[in-house]
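S.K.: This structure is in structure tokens; I'll ask about it shortly.
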Amino acid sequence: MGVLLNEKRDLINNYCGNTSSMTGERKIKEQTVGFLAPVRIMSNVLLQLRLRVRAIIPLVILCCFMVGLASAATKLDSNISGLECLPNCEEANLSRVNLSFADLRGANFRRATLYFADLREVRLRRADLNRADLSLAILSKADLRGADLREADLRGADLREADLRDADLSGADLRGADLSQANLTRANLSSSILTEAVLHEANLHRTDLREANLRNADLSGADLRRTNLDGADLTGVDVYDVLVN
């Protein structure tokens with residue numbers, strides 16, 4: 001009997017011990033679940049956000065693509081650098097256009113508006129720029145040999161190192177223009193306005209400057225050999241170190 005009681009007691013103890021153990025495990029699981037609940041909520045939120053971001057990303061890419069196309073179209077309208085063509089741009093409005101390095105030999109820009117245009121190193125040999133508005137245009141190192149620039153508006157234009165040999169600039173307005181080191185050999189500048197223009201070290205060999213207005217112009221270091229200055233207004237002109245003979 002004693003043995004049986006002991007065995008029953010052991011069984012009861014084992015049972016009770018197991019029950020206690022199971023209850024403890026249940027409590028641990030409940031605590032774990034309670035602790036992990038916020039984590040699961042955050043995971044679900046992050047998953048939702050990720051799904052939404054995935055849905056939004058294509059839209060963002062599409063918007064960026066459209067903006068890029070619009071920007072490219074704008075640049076194509078205003079930047080045709082390196083263009084090689086022979087356009088008829090008579091009376092065209094090309095303000096601020098970029099035509100730098102373009103080959104425009106013989107092109108027609110008669111009475112065209114090229115205000116503030118970028119024409120660096122452009123080839124405009126024998127081009128028609130009669131009465132064109134080139135005020136504040138950038139024409140540095142441009143090839144303007146034999147070009148027709150009669151009565152053109154070149155106020156404040158940048159013509160540094162430009163090649164203007166045999167060009168016709170008669171009656172042109174070049175007030176405040178920079179023609180430093182420009183080649184004006186045999187160019188016609190008769191009756192032109194060159195007040196306060198910079199012609200530092202410019203080549204004016206055999207240039208026609210009859211009746212030109214050169215008030216306060218800078219002719220320092222310029223080549224004036226065989227230059228025709230009949231009737232020109234030379235008031236206040238800087239003639240330091242000019243080459244005459």
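The chains in the structure tokens are called A, B, ... from first to last as shown; in each chain the residues are counted from 1, and the ligands are counted from 1 in the order shown.
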List as a ChimeraX atom specification the protein and nucleic acid residues near Arg206 of chain A, meaning an atom at most 8 Å away when only C-alpha atoms are counted, but skip any in the same chain fewer than 2 places from it.

M.R.: /A:185-187,204,208,224-228

S.K.: Would you list the contacts of Gly231 of chain A as a list of chain:residue names, taking every protein, DNA or RNA residue within 12 Å and counting only C-alpha atoms, but skipping same-chain residues closer than 5 positions in sequence?

M.R.: A:Ser190, A:Ser191, A:Ser192, A:Asp208, A:Leu209, A:Arg210, A:Glu211, A:Ala212, A:Asn213, A:Leu214

S.K.: Store the residues picked out above in a file with all heavy atoms, as a PDB file, in the first residue's frame.

M.R.:
```pdb
ATOM      1  N   SER A 190      32.460 103.144 -92.665  1.00  0.00           N
ATOM      2  CA  SER A 190      32.135 104.545 -92.920  1.00  0.00           C
ATOM      3  C   SER A 190      30.786 104.892 -92.298  1.00  0.00           C
ATOM      4  O   SER A 190      29.839 104.104 -92.335  1.00  0.00           O
ATOM      5  CB  SER A 190      32.097 104.821 -94.434  1.00  0.00           C
ATOM      6  OG  SER A 190      31.143 103.992 -95.076  1.00  0.00           O
ATOM      7  N   SER A 191      30.736 106.069 -91.686  1.00  0.00           N
ATOM      8  CA  SER A 191      29.521 106.590 -91.039  1.00  0.00           C
ATOM      9  C   SER A 191      29.023 105.701 -89.886  1.00  0.00           C
ATOM     10  O   SER A 191      27.867 105.815 -89.463  1.00  0.00           O
ATOM     11  CB  SER A 191      28.388 106.775 -92.063  1.00  0.00           C
ATOM     12  OG  SER A 191      28.792 107.663 -93.090  1.00  0.00           O
ATOM     13  N   SER A 192      29.864 104.832 -89.403  1.00  0.00           N
ATOM     14  CA  SER A 192      29.466 103.974 -88.280  1.00  0.00           C
ATOM     15  C   SER A 192      29.619 104.729 -86.955  1.00  0.00           C
ATOM     16  O   SER A 192      30.320 105.732 -86.860  1.00  0.00           O
ATOM     17  CB  SER A 192      30.311 102.700 -88.245  1.00  0.00           C
ATOM     18  OG  SER A 192      31.682 103.021 -88.068  1.00  0.00           O
ATOM     19  N   ASP A 208      38.069 101.457 -93.844  1.00  0.00           N
ATOM     20  CA  ASP A 208      37.389 102.708 -94.196  1.00  0.00           C
ATOM     21  C   ASP A 208      36.597 103.205 -92.985  1.00  0.00           C
ATOM     22  O   ASP A 208      35.570 102.630 -92.628  1.00  0.00           O
ATOM     23  CB  ASP A 208      36.456 102.460 -95.382  1.00  0.00           C
ATOM     24  CG  ASP A 208      35.841 103.759 -95.901  1.00  0.00           C
ATOM     25  OD1 ASP A 208      36.045 104.823 -95.271  1.00  0.00           O
ATOM     26  OD2 ASP A 208      35.137 103.710 -96.930  1.00  0.00           O
ATOM     27  N   LEU A 209      37.087 104.278 -92.348  1.00  0.00           N
ATOM     28  CA  LEU A 209      36.428 104.873 -91.185  1.00  0.00           C
ATOM     29  C   LEU A 209      35.999 106.319 -91.471  1.00  0.00           C
ATOM     30  O   LEU A 209      35.881 107.134 -90.557  1.00  0.00           O
ATOM     31  CB  LEU A 209      37.367 104.834 -89.974  1.00  0.00           C
ATOM     32  CG  LEU A 209      37.498 103.477 -89.265  1.00  0.00           C
ATOM     33  CD1 LEU A 209      38.728 103.460 -88.371  1.00  0.00           C
ATOM     34  CD2 LEU A 209      36.247 103.172 -88.450  1.00  0.00           C
ATOM     35  N   ARG A 210      35.732 106.603 -92.714  1.00  0.00           N
ATOM     36  CA  ARG A 210      35.307 107.951 -93.067  1.00  0.00           C
ATOM     37  C   ARG A 210      33.995 108.311 -92.377  1.00  0.00           C
ATOM     38  O   ARG A 210      33.071 107.487 -92.348  1.00  0.00           O
ATOM     39  CB  ARG A 210      35.125 108.077 -94.592  1.00  0.00           C
ATOM     40  CG  ARG A 210      36.407 108.045 -95.397  1.00  0.00           C
ATOM     41  CD  ARG A 210      36.113 108.027 -96.883  1.00  0.00           C
ATOM     42  NE  ARG A 210      35.352 106.824 -97.260  1.00  0.00           N
ATOM     43  CZ  ARG A 210      34.726 106.673 -98.426  1.00  0.00           C
ATOM     44  NH1 ARG A 210      34.730 107.662 -99.312  1.00  0.00           N
ATOM     45  NH2 ARG A 210      34.083 105.547 -98.686  1.00  0.00           N
ATOM     46  N   GLU A 211      33.963 109.520 -91.830  1.00  0.00           N
ATOM     47  CA  GLU A 211      32.775 110.059 -91.155  1.00  0.00           C
ATOM     48  C   GLU A 211      32.315 109.208 -89.963  1.00  0.00           C
ATOM     49  O   GLU A 211      31.176 109.360 -89.485  1.00  0.00           O
ATOM     50  CB  GLU A 211      31.597 110.190 -92.149  1.00  0.00           C
ATOM     51  CG  GLU A 211      31.899 111.001 -93.408  1.00  0.00           C
ATOM     52  CD  GLU A 211      32.182 112.478 -93.096  1.00  0.00           C
ATOM     53  OE1 GLU A 211      31.653 112.978 -92.087  1.00  0.00           O
ATOM     54  OE2 GLU A 211      32.934 113.103 -93.872  1.00  0.00           O
ATOM     55  N   ALA A 212      33.171 108.334 -89.481  1.00  0.00           N
ATOM     56  CA  ALA A 212      32.802 107.498 -88.331  1.00  0.00           C
ATOM     57  C   ALA A 212      32.894 108.297 -87.040  1.00  0.00           C
ATOM     58  O   ALA A 212      33.709 109.213 -86.899  1.00  0.00           O
ATOM     59  CB  ALA A 212      33.719 106.276 -88.255  1.00  0.00           C
ATOM     60  N   ASN A 213      32.048 107.955 -86.088  1.00  0.00           N
ATOM     61  CA  ASN A 213      32.054 108.610 -84.775  1.00  0.00           C
ATOM     62  C   ASN A 213      32.831 107.720 -83.802  1.00  0.00           C
ATOM     63  O   ASN A 213      32.347 106.675 -83.378  1.00  0.00           O
ATOM     64  CB  ASN A 213      30.626 108.819 -84.279  1.00  0.00           C
ATOM     65  CG  ASN A 213      30.573 109.625 -82.986  1.00  0.00           C
ATOM     66  OD1 ASN A 213      31.584 109.823 -82.325  1.00  0.00           O
ATOM     67  ND2 ASN A 213      29.383 110.093 -82.626  1.00  0.00           N
ATOM     68  N   LEU A 214      34.051 108.178 -83.468  1.00  0.00           N
ATOM     69  CA  LEU A 214      34.931 107.398 -82.603  1.00  0.00           C
ATOM     70  C   LEU A 214      35.152 108.082 -81.251  1.00  0.00           C
ATOM     71  O   LEU A 214      36.161 107.845 -80.584  1.00  0.00           O
ATOM     72  CB  LEU A 214      36.280 107.180 -83.295  1.00  0.00           C
ATOM     73  CG  LEU A 214      36.289 106.184 -84.467  1.00  0.00           C
ATOM     74  CD1 LEU A 214      37.389 106.522 -85.468  1.00  0.00           C
ATOM     75  CD2 LEU A 214      36.460 104.773 -83.953  1.00  0.00           C
TER      76      LEU A 214
END
```

S.K.: Atom CA of Ala117 of chain A and atom CA of Leu139 of chain A, how far apart in Å?

M.R.: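 Computing the Euclidean distance for atom CA of Leu139 of chain A and atom CA of Ala117 of chain A yields 8.5 Å.
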
S.K.: Taking only C-alpha atoms into account, name the residue in A:Ala137, A:Leu219, A:Val198, A:Leu159 that is nearest to Asn183 of chain A.

M.R.: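 The closest residue to Asn183 of chain A is A:Leu159.
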
S.K.: When you draw a straight line from atom CA of Leu199 of chain A to atom CA of Ala222 of chain A, how long is it in Å?

M.R.: 6.7 Å

S.K.: Might you pull out every residue within 8 Å of segment 118-133 of chain A, with only C-alpha atoms counted and same-chain residues fewer than 5 positions away left off, and present them as an NGL selection string?

M.R.: :A and (96-113 or 138-154 or 167)

S.K.: Would you kindly return, as a count of residues only, each protein, DNA or RNA residue with an atom no farther than 8 Å from any atom of Leu194 of chain A, considering only C-alpha atoms and excluding same-chain residues fewer than 3 positions away?

M.R.: 11

S.K.: Mind giving me the straight-line distance from atom CA of His205 of chain A to atom CA of Leu184 of chain A in Å, one decimal?

M.R.: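 We find that atom CA of His205 of chain A and atom CA of Leu184 of chain A lie 7.2 Å from each other.
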
S.K.: At a cut-off of 6 Å, using only C-alpha atoms, what residues contact Val242 of chain A? Leave out same-chain residues fewer than 3 positions from it and give the result as a list in words.

M.R.: Ser220, Gly221, Ala222 and Val239 of chain A

S.K.: For the selection you just gave me, I'd like the residues written to a file as a PDB file, in the first residue's frame, keeping N, CA, C and O atoms.

M.R.:
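Wrote it out as selection_15.pdb, contents follow:
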```
ATOM      1  N   SER A 220      44.037 101.906 -78.526  1.00  0.00           N
ATOM      2  CA  SER A 220      45.403 101.625 -78.083  1.00  0.00           C
ATOM      3  C   SER A 220      45.931 100.334 -78.706  1.00  0.00           C
ATOM      4  O   SER A 220      45.266  99.304 -78.725  1.00  0.00           O
ATOM      5  N   GLY A 221      47.139 100.457 -79.250  1.00  0.00           N
ATOM      6  CA  GLY A 221      47.791  99.294 -79.848  1.00  0.00           C
ATOM      7  C   GLY A 221      47.204  98.854 -81.180  1.00  0.00           C
ATOM      8  O   GLY A 221      47.596  97.816 -81.723  1.00  0.00           O
ATOM      9  N   ALA A 222      46.270  99.626 -81.736  1.00  0.00           N
ATOM     10  CA  ALA A 222      45.631  99.235 -82.993  1.00  0.00           C
ATOM     11  C   ALA A 222      46.538  99.494 -84.189  1.00  0.00           C
ATOM     12  O   ALA A 222      47.427 100.347 -84.162  1.00  0.00           O
ATOM     13  N   VAL A 239      44.859 106.716 -78.358  1.00  0.00           N
ATOM     14  CA  VAL A 239      45.691 106.258 -79.465  1.00  0.00           C
ATOM     15  C   VAL A 239      47.082 105.838 -78.980  1.00  0.00           C
ATOM     16  O   VAL A 239      48.055 105.853 -79.726  1.00  0.00           O
TER      17      VAL A 239
END
```

S.K.: For Ala202 of chain A, which residue out of A:Leu189, A:Asp166, A:Leu243, A:Asp233 is the nearest one, using only C-alpha atoms?

M.R.: A:Leu243

S.K.: Could you pull out the strand (DSSP E or B) residues of segment 114-187 of chain A from DSSP and send them as an NGL selection string?

M.R.: :A and (118 or 123 or 128 or 133 or 138 or 143 or 148 or 153 or 158 or 163 or 168 or 173 or 178 or 183)
